[in-house]
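**Student:** First the structure, which I've put down as structure tokens, then a few questions once you've had a look.
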Amino acid sequence: MDFLPFQSSVISESLGAMLEEDGDLCPGINCCMVCGAPSKLSCPSCNAVSYCSEKCMKHDVNESSNDEEAQGHTAEVCKLLKNCSAPAKEDSRSELESYPSTLSNLLLSHPSFEPILFASSSSNRKSFQVHVVGAEFGSELWTAKDSFGACGWREAYAEALDEVCEVAGIKSFELVFINTDLEEKGVERLSNKVSACCINSKYEDLKPTSFVKTTPDLLALFNAGFTCPDYNWAGTLTSVLSSASSPIPFFATSNSELENLNDVEWLDSNGFSKFDLDGDEGANQESENEDVVESFFGENPFKGSRVRQSGMLANDLYVKSSYLFGGTLSLPRGGKKRKEEEVDDDDYDDDVANVTSKSDKTKKSKPNSALI
């Protein structure tokens, strides 16, 4: 995928004012894409963008000789939106398999994770445990039927992580998927070295067992949305870290560049992790301690190829886990008090947890910090 017009929706000043007054408006989805009036028709080609009239529909095209500069409901956007409702099998499969692919490739190829991976392999127990927080069936977990005849999540994770075990000399790789909607089936052996279990619990209520450690070797958060007002990430992270004797290595993904930057800033400003936000090229957060994971953020080279439509702006598109960031998490000063306190998110737009912002005014430039 050489080029994807992620943020193609054109927001006029008047429509922007309407969005500020009514956060439930989703242009092109529950109202006219151009003026915000009640929608009466949709694009006859993709049927994915709504308008109040043919006049507004014709107006919603800002073509350019350069495809990357064209905005609105262009021919390219229309074609991609049409494919969103009926994705190719290989695209859907690549999205599902991007979860184990991202996990295994980060461990194998990213220098930030080499210390913890090989430290585990040299320990007496030679085990490595990853907690995947907010895991869902159909996303991090899927059946063979979901993946259109390909292997299900068990086979995909086993294949990806067996390679990690072989390279790092790990005897036991343990996956713990955590969410309140998961069905618990006990510990399952996915291969000779890889095991997994699903825990129906909030992380705050997670109880250690003979398999589940209180503190994981790595925390994985796919599309976490730290700035989403519906989630209490401050409480969750405090629970994760309260029993940890040292910072916990982690990585997280996001669906858009804007969301990625805001998640990074949220962690940084609230003291859970430190990132270099000055914009120096390739300058990720470094540490004098070689055992500490250095922070990083940027595009995810292991994402899938399935394109999806934004739920906020009809002409905006995204690919799941397009961006990622990571490093170590630790309690901020006075961290245990944060479990009872609300984190001040006033500096963030409530809509930032979704795929794209509703106004160009919320867009921020991403520091030019290299991922790999």
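Following the order of the structure tokens, chains are lettered A, B, ..., residues in each are numbered from 1, and ligands are numbered from 1.
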Would you list the contacts of Val49 in chain A as a ChimeraX atom specification, taking every protein, DNA or RNA residue within 7 Å and counting only C-alpha atoms, but skipping same-chain residues closer than 2 positions in sequence?
**Tutor:** /A:28-29,42-43,47,51,314
**Student:** Counting only C-alpha atoms, what are the residues of range 100-187 of chain A within 10 Å of range 247-255 of chain A, and for each of them which pair of atoms is the nearest and at what distance in Å, to one decimal? Sort the table by chain and rising number, as JSON lines.
**Tutor:**
{"residue": "A:Thr102", "atom": "CA", "partner": "A:Thr253", "partner_atom": "CA", "distance": 9.4}
{"residue": "A:Leu103", "atom": "CA", "partner": "A:Phe251", "partner_atom": "CA", "distance": 8.8}
{"residue": "A:Leu106", "atom": "CA", "partner": "A:Phe251", "partner_atom": "CA", "distance": 8.9}
{"residue": "A:Ser112", "atom": "CA", "partner": "A:Pro249", "partner_atom": "CA", "distance": 9.3}
{"residue": "A:Phe113", "atom": "CA", "partner": "A:Pro249", "partner_atom": "CA", "distance": 8.0}
{"residue": "A:Ile116", "atom": "CA", "partner": "A:Pro249", "partner_atom": "CA", "distance": 8.0}
{"residue": "A:Val130", "atom": "CA", "partner": "A:Phe250", "partner_atom": "CA", "distance": 9.3}
{"residue": "A:His131", "atom": "CA", "partner": "A:Phe250", "partner_atom": "CA", "distance": 9.5}
{"residue": "A:Val132", "atom": "CA", "partner": "A:Ala252", "partner_atom": "CA", "distance": 9.9}
{"residue": "A:Val133", "atom": "CA", "partner": "A:Ala252", "partner_atom": "CA", "distance": 10.0}
**Student:** Would you mind listing what lies within 9 Å of Ser305 in chain A as a count of residues only, with only C-alpha atoms counted and same-chain residues fewer than 6 positions away left out?
**Tutor:** 9
**Student:** Apply DSSP to the structure's backbone, then extract all residues of range 57-272 of chain A labelled helix (DSSP H, G or I) and return them as a PyMOL selection string.
**Tutor:** chain A and resi 57-59+67-69+75-84+89-109+111-121+153-168+203-205+233-242+257-269
**Student:** Find the residues near Phe272 in chain A: any atom within 9 Å, counting only C-alpha atoms, skip ones fewer than 5 places away on the same chain, and give them as a list in words.
**Tutor:**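 Non-adjacent residues within range: Ala234, Leu237, Thr238, Trp266, Leu267, Thr328, Leu329, Ser330, Leu331, Pro332 and Gly335 of chain A.
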**Student:** When you count only C-alpha atoms, which of these residues is closest to Leu41 in chain A: A:Glu21, A:Met57, A:Ser172, A:Val307?
**Tutor:**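 The closest residue to Leu41 in chain A is A:Met57.
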**Student:** Write out as a list of chain:residue names each polymer residue whose atoms come within 10 Å of Glu204 in chain A, counting only C-alpha atoms; drop sequence neighbours fewer than 2 positions from it.
**Tutor:** A:Ser201, A:Lys202, A:Leu206, A:Lys207, A:Gly235, A:Thr236, A:Leu237, A:Thr238, A:Ser239, A:Val240, A:Lys339
**Student:** Skipping near chain neighbours, those fewer than 4 positions away, what residues fall within 8 Å of Asn62 in chain A using only C-alpha atoms, listed as a PyMOL selection string?
**Tutor:** chain A and resi 70-74
**Student:** Mind writing the picked residues with N, CA and C atoms as a PDB file, in the first residue's frame?
**Tutor:**
ATOM      1  N   ALA A  70      -5.313  15.643  -3.227  1.00  0.00           N
ATOM      2  CA  ALA A  70      -6.760  15.711  -3.454  1.00  0.00           C
ATOM      3  C   ALA A  70      -7.499  15.449  -2.152  1.00  0.00           C
ATOM      4  N   GLN A  71      -8.603  16.157  -1.961  1.00  0.00           N
ATOM      5  CA  GLN A  71      -9.383  16.001  -0.735  1.00  0.00           C
ATOM      6  C   GLN A  71     -10.850  15.815  -1.069  1.00  0.00           C
ATOM      7  N   GLY A  72     -11.604  15.450  -0.044  1.00  0.00           N
ATOM      8  CA  GLY A  72     -13.030  15.225  -0.249  1.00  0.00           C
ATOM      9  C   GLY A  72     -13.292  13.828  -0.787  1.00  0.00           C
ATOM     10  N   HIS A  73     -14.455  13.663  -1.401  1.00  0.00           N
ATOM     11  CA  HIS A  73     -14.863  12.355  -1.901  1.00  0.00           C
ATOM     12  C   HIS A  73     -14.318  12.155  -3.313  1.00  0.00           C
ATOM     13  N   THR A  74     -13.003  11.975  -3.400  1.00  0.00           N
ATOM     14  CA  THR A  74     -12.358  11.796  -4.691  1.00  0.00           C
ATOM     15  C   THR A  74     -12.629  10.390  -5.226  1.00  0.00           C
TER      16      THR A  74
END
**Student:** One number please: CA of Leu175 in chain A to CA of Val187 in chain A, in Å, one decimal.
**Tutor:** 9.4 Å
**Student:** Find the distance between CA of Cys197 in chain A and CA of Glu184 in chain A and write it in Å to one decimal.
**Tutor:**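 Interatomic distance, CA of Cys197 in chain A to CA of Glu184 in chain A: 7.3 Å.
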**Student:** Determine the nearest neighbour of Gly225 in chain A from the options A:Ser256, A:Ile170, A:Glu20, A:Asp263, counting only C-alpha atoms.
**Tutor:**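 Comparing A:Ser256, A:Ile170, A:Glu20, A:Asp263 against Gly225 in chain A, the winner is A:Asp263.
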